[in-house]
Amino acid sequence: MARDSLTALVALNRFGFGARGGASGDFLNAASDPRGFVKAELARPSGVLLEVPHLQSTPALARAIFEYQDQLKQAREAAPKSPPPSAGAASPPPAEQKPTQPRGLSLNTVATDIATQTGTMKAADSGGANPGAAAGEVMQSGAATPPQQPQAQQPLQPLNIIQKTFRAEALARLQRAVLADCGFTERLVAFWSNHFCISANKAALTRMWAGAFEREAIRPHVLGRFADMLKAVEQHPAMLFFLDNQQSLGPDSRAGVNRKRGLNENLAREIMELHTLGVGGGYTQDDVTSFARVITGWTFAGRQGQLGVPGSFVFNANAHEPGAQRVMGKIYEAGGVEQGEAVLADIARHPSTSKFIATKLARHFVADDPPPSLVARLRDVFTRTDGDLKALAIALVDSDDSWRAPLTKFRSPYEFLVATGRLIARVPDDPGPYLNGLNVLGQPLWSPAGPNGFPDTKRPGPRPRG
């Protein structure tokens with residue numbers, strides 16, 4: 001079979017993470033059969049899973065962080081009370097402020113910044129950097145700088161359980177992406193993880209759970225059905241906590257009446273606007289409110305374990321709004337958790353959802369303004385197969401539109417750094433340089449500024465939602 005060099009580049013870079021360096025043979029394999037090279041990973045569904053022995057489940061991580069927080073509380077209570085400061089005592093230094101993210105960064109600038117930070121990267125991403133030492137090194141490079149007394153460096157603080165977990169999850173994800181043959185399935189994981197995003201920056205729980213959320217709710221369904229992924233995502237404790245559904249009480253529920261609190265519409269709104277139907281997808285504010293009533297009681301068990309295993313999804317009947325609800329013209333009879341699951345199943349199959357998902361997928365892989373014929377084809381496949389995501393991925397690769405479109409897509413910061421790691425043929429053994437590189441490039445791992453995720457176009461997008 002004749003080799004097609006240009007199409008091989010499309011296969012490797014449009015659908016994957018680029019060729020691996022060394023003697024991998026990626027370019028030759030892609031040139032021999034570009035479409036087959038990309039689709040080969042789809043024939044290995046188990047390859048999407050990330051089963052690493054030391055990575056724990058969400059309930060196990062919940063137990064670990066609750067124990068860690070209890071230890072901190074006990075340590076604070078056991079510490080001797082500090083005497084009040086005297087009148088002449090110096091006031092404490094102001095809290096450290098995070099540096100402002102510069103705009104208009106080029107990749108060359110970023111590469112330079114990363115290189116100058118090499119000595120402190122491990123500490124920086126875990127919050128244990130010694131800024132004084134780093135600043136001293138920079139100052140010493142100037143000829144006119146007066147000599148300074150050497151300062152004793154503060155010992156780096158050991159990583160806590162939250163930092164260790166986040167770094168372990170990040171490293172496992174990065175290693176999988178660097179080692180993958182093409183990287184198409186890992187690109188799909190990144191796409192769906194950003195589509196159904198949470199933010200590790202919200203609180204300790206979301207940082208602890210960010211990797212587990214992707215492993216448990218996203219990866220098992222990347223080549224499965226959209227409706228199954230949707231249900232797994234919306235019932236995962238990380239999403240429920242991120243969008244505050246554990247705070248949502250049916251106004252007429254037992255808990256709502258007793259506590260005089262009501263609905264939180266965050267989860268219902270983002271499911272409709274960002275996860276399924278999209279803006280202008282045919283729903284109204286009344287539908288959002290009704291859907292929010294339907295999913296009251298969707299929560300997770302807390303540290304006391306009164307409703308179930310801490311960190312697991314549970315349905316709290318005492319918080320659920322009683323009665324039937326009308327959502328998008330359909331009446332959903334009174335029930336428990338199945339009432340919300342019925343709404344999810346219906347909107348997963350709604351025509352607006354098929355169009356929304358088809359457009360986002362084509363935009364992510366092919367072009368900021370994807371060919372309408374490609375979007376139409378993906379929409380039809382999504383509808384005809386009842387949201388079969390493997391069939392959708394195959395349709396994307398099989399479409400001539402996906403290969404003819406000009407190579408104008410910019411790599412995301414994550415794709416750029418992974419492609420670099422693949423090119424130098426070095427399997428990462430420390431996530432620090434990657435995590436700090438993503439911070440410099442403005443897309444910290446699993447930490448978008450709002451529930452709409454990171455933008456998928458090179459044009460400035462709308463302001464982060466949050």
# chains A, B, ... in the order shown; residues from 1 in each chain; ligands from 1

call {"tool": "residues_around", "arguments": {"residues": "Val279 of chain A", "least_positions_apart": "6", "cutoff": "9 Å", "atoms": "only C-alpha atoms", "output": "number ranges by chain"}}
result
A: 272-273, 356

call {"tool": "residues_around", "arguments": {"residues": "segment 13-27 of chain A", "least_positions_apart": "4", "cutoff": "10 Å", "atoms": "only C-alpha atoms", "output": "PyMOL selection string"}}
result
chain A and resi 3-5+7-9+31-32+34-35+37-39+177-188+364-367+396-397+402-403+407-411+414-426

call {"tool": "residues_around", "arguments": {"residues": "segment 54-61 of chain A", "least_positions_apart": "4", "cutoff": "8 Å", "atoms": "only C-alpha atoms", "output": "list in words"}}
result
Ile65, Thr165, Ala168, Glu169, Met208, Trp209, Ala212, Phe213, Pro237, Val309, Pro310, Gly311 and Ser312 of chain A

call {"tool": "closest_residue", "arguments": {"among": "A:Arg215, A:Lys202, A:Lys458, A:Arg176", "to": "Val233 of chain A", "atoms": "only C-alpha atoms"}}
result
A:Arg215

call {"tool": "residues_around", "arguments": {"residues": "Leu389 of chain A", "least_positions_apart": "5", "cutoff": "7 Å", "atoms": "only C-alpha atoms", "output": "tab-separated table (two decimals) with all heavy atoms, in the first residue's frame"}}
result
chain	number	residue	atom	x	y	z
A	222	VAL	N	-16.62	6.10	27.45
A	222	VAL	CA	-16.12	6.82	26.28
A	222	VAL	C	-16.46	6.08	24.99
A	222	VAL	O	-16.72	6.71	23.96
A	222	VAL	CB	-14.59	7.05	26.41
A	222	VAL	CG1	-13.96	7.39	25.07
A	222	VAL	CG2	-14.31	8.15	27.42
A	223	LEU	N	-16.47	4.77	25.02
A	223	LEU	CA	-16.85	3.97	23.85
A	223	LEU	C	-18.18	3.26	24.10
A	223	LEU	O	-18.47	2.25	23.46
A	223	LEU	CB	-15.75	2.96	23.52
A	223	LEU	CG	-14.37	3.57	23.20
A	223	LEU	CD1	-13.36	2.48	22.88
A	223	LEU	CD2	-14.47	4.58	22.05
A	224	GLY	N	-18.96	3.79	25.01
A	224	GLY	CA	-20.27	3.22	25.31
A	224	GLY	C	-21.39	4.13	24.85
A	224	GLY	O	-21.31	4.73	23.78
A	225	ARG	N	-22.43	4.27	25.67
A	225	ARG	CA	-23.59	5.07	25.31
A	225	ARG	C	-23.58	6.39	26.06
A	225	ARG	O	-23.23	6.46	27.24
A	225	ARG	CB	-24.88	4.32	25.61
A	225	ARG	CG	-25.09	3.07	24.76
A	225	ARG	CD	-26.31	2.27	25.19
A	225	ARG	NE	-27.54	3.05	25.09
A	225	ARG	CZ	-28.21	3.56	26.12
A	225	ARG	NH1	-27.74	3.40	27.36
A	225	ARG	NH2	-29.32	4.22	25.95
A	226	PHE	N	-23.98	7.45	25.36
A	226	PHE	CA	-24.00	8.79	25.97
A	226	PHE	C	-24.92	8.82	27.18
A	226	PHE	O	-24.58	9.44	28.20
A	226	PHE	CB	-24.45	9.82	24.94
A	226	PHE	CG	-24.57	11.21	25.50
A	226	PHE	CD1	-23.44	11.98	25.74
A	226	PHE	CD2	-25.82	11.75	25.81
A	226	PHE	CE1	-23.55	13.26	26.27
A	226	PHE	CE2	-25.94	13.02	26.35
A	226	PHE	CZ	-24.80	13.78	26.57

call {"tool": "atom_distance", "arguments": {"atom1": "atom CA of Leu243 of chain A", "atom2": "atom CA of Leu267 of chain A"}}
result
5.3 Å

call {"tool": "atom_distance", "arguments": {"atom1": "atom CA of Ala395 of chain A", "atom2": "atom CA of Leu378 of chain A"}}
result
6.6 Å

call {"tool": "atom_distance", "arguments": {"atom1": "atom CA of Pro433 of chain A", "atom2": "atom CA of Gly453 of chain A"}}
result
22.4 Å

call {"tool": "residues_around", "arguments": {"residues": "Thr296 of chain A", "least_positions_apart": "5", "cutoff": "12 Å", "atoms": "only C-alpha atoms", "output": "ChimeraX atom specification"}}
result
/A:235,240,244-256,262-268,289-291,314-323,335-341

call {"tool": "residues_around", "arguments": {"residues": "Gly450 of chain A", "least_positions_apart": "2", "cutoff": "12 Å", "atoms": "only C-alpha atoms", "output": "list in words"}}
result
Asn194, His195, Phe196, Cys197, Ile198, Ser199, Ala200, Asn201, Lys202, Phe242, Leu243, Asn266, Glu270, Leu274, Gln443, Trp446, Ser447, Pro448, Asn452, Gly453, Phe454, Pro455, Pro462, Arg463, Pro464, Arg465 and Gly466 of chain A

call {"tool": "decode", "arguments": {"residues": "segment 224-236 of chain A", "atoms": "N, CA and C atoms", "output": "compact mmCIF listing (two decimals), in the first residue's frame"}}
result
# COMPACT_ATOMS: atom_id res chain seq x y z
N GLY A 224 -18.96 3.79 25.01
CA GLY A 224 -20.27 3.22 25.31
C GLY A 224 -21.39 4.13 24.85
N ARG A 225 -22.43 4.27 25.67
CA ARG A 225 -23.59 5.07 25.31
C ARG A 225 -23.58 6.39 26.06
N PHE A 226 -23.98 7.45 25.36
CA PHE A 226 -24.00 8.79 25.97
C PHE A 226 -24.92 8.82 27.18
N ALA A 227 -26.07 8.16 27.10
CA ALA A 227 -27.01 8.19 28.22
C ALA A 227 -26.40 7.57 29.47
N ASP A 228 -25.60 6.53 29.30
CA ASP A 228 -24.95 5.90 30.45
C ASP A 228 -23.88 6.81 31.05
N MET A 229 -23.12 7.49 30.19
CA MET A 229 -22.13 8.43 30.71
C MET A 229 -22.81 9.58 31.44
N LEU A 230 -23.90 10.08 30.87
CA LEU A 230 -24.62 11.19 31.48
C LEU A 230 -25.10 10.82 32.89
N LYS A 231 -25.68 9.65 33.03
CA LYS A 231 -26.15 9.21 34.35
C LYS A 231 -24.98 9.04 35.32
N ALA A 232 -23.88 8.43 34.87
CA ALA A 232 -22.72 8.22 35.73
C ALA A 232 -22.13 9.54 36.19
N VAL A 233 -22.08 10.51 35.30
CA VAL A 233 -21.52 11.82 35.63
C VAL A 233 -22.39 12.55 36.64
N GLU A 234 -23.69 12.62 36.37
CA GLU A 234 -24.57 13.44 37.21
C GLU A 234 -24.80 12.81 38.58
N GLN A 235 -24.57 11.51 38.72
CA GLN A 235 -24.71 10.87 40.02
C GLN A 235 -23.38 10.68 40.73
N HIS A 236 -22.31 11.19 40.15
CA HIS A 236 -21.02 11.04 40.81
C HIS A 236 -20.88 12.09 41.91
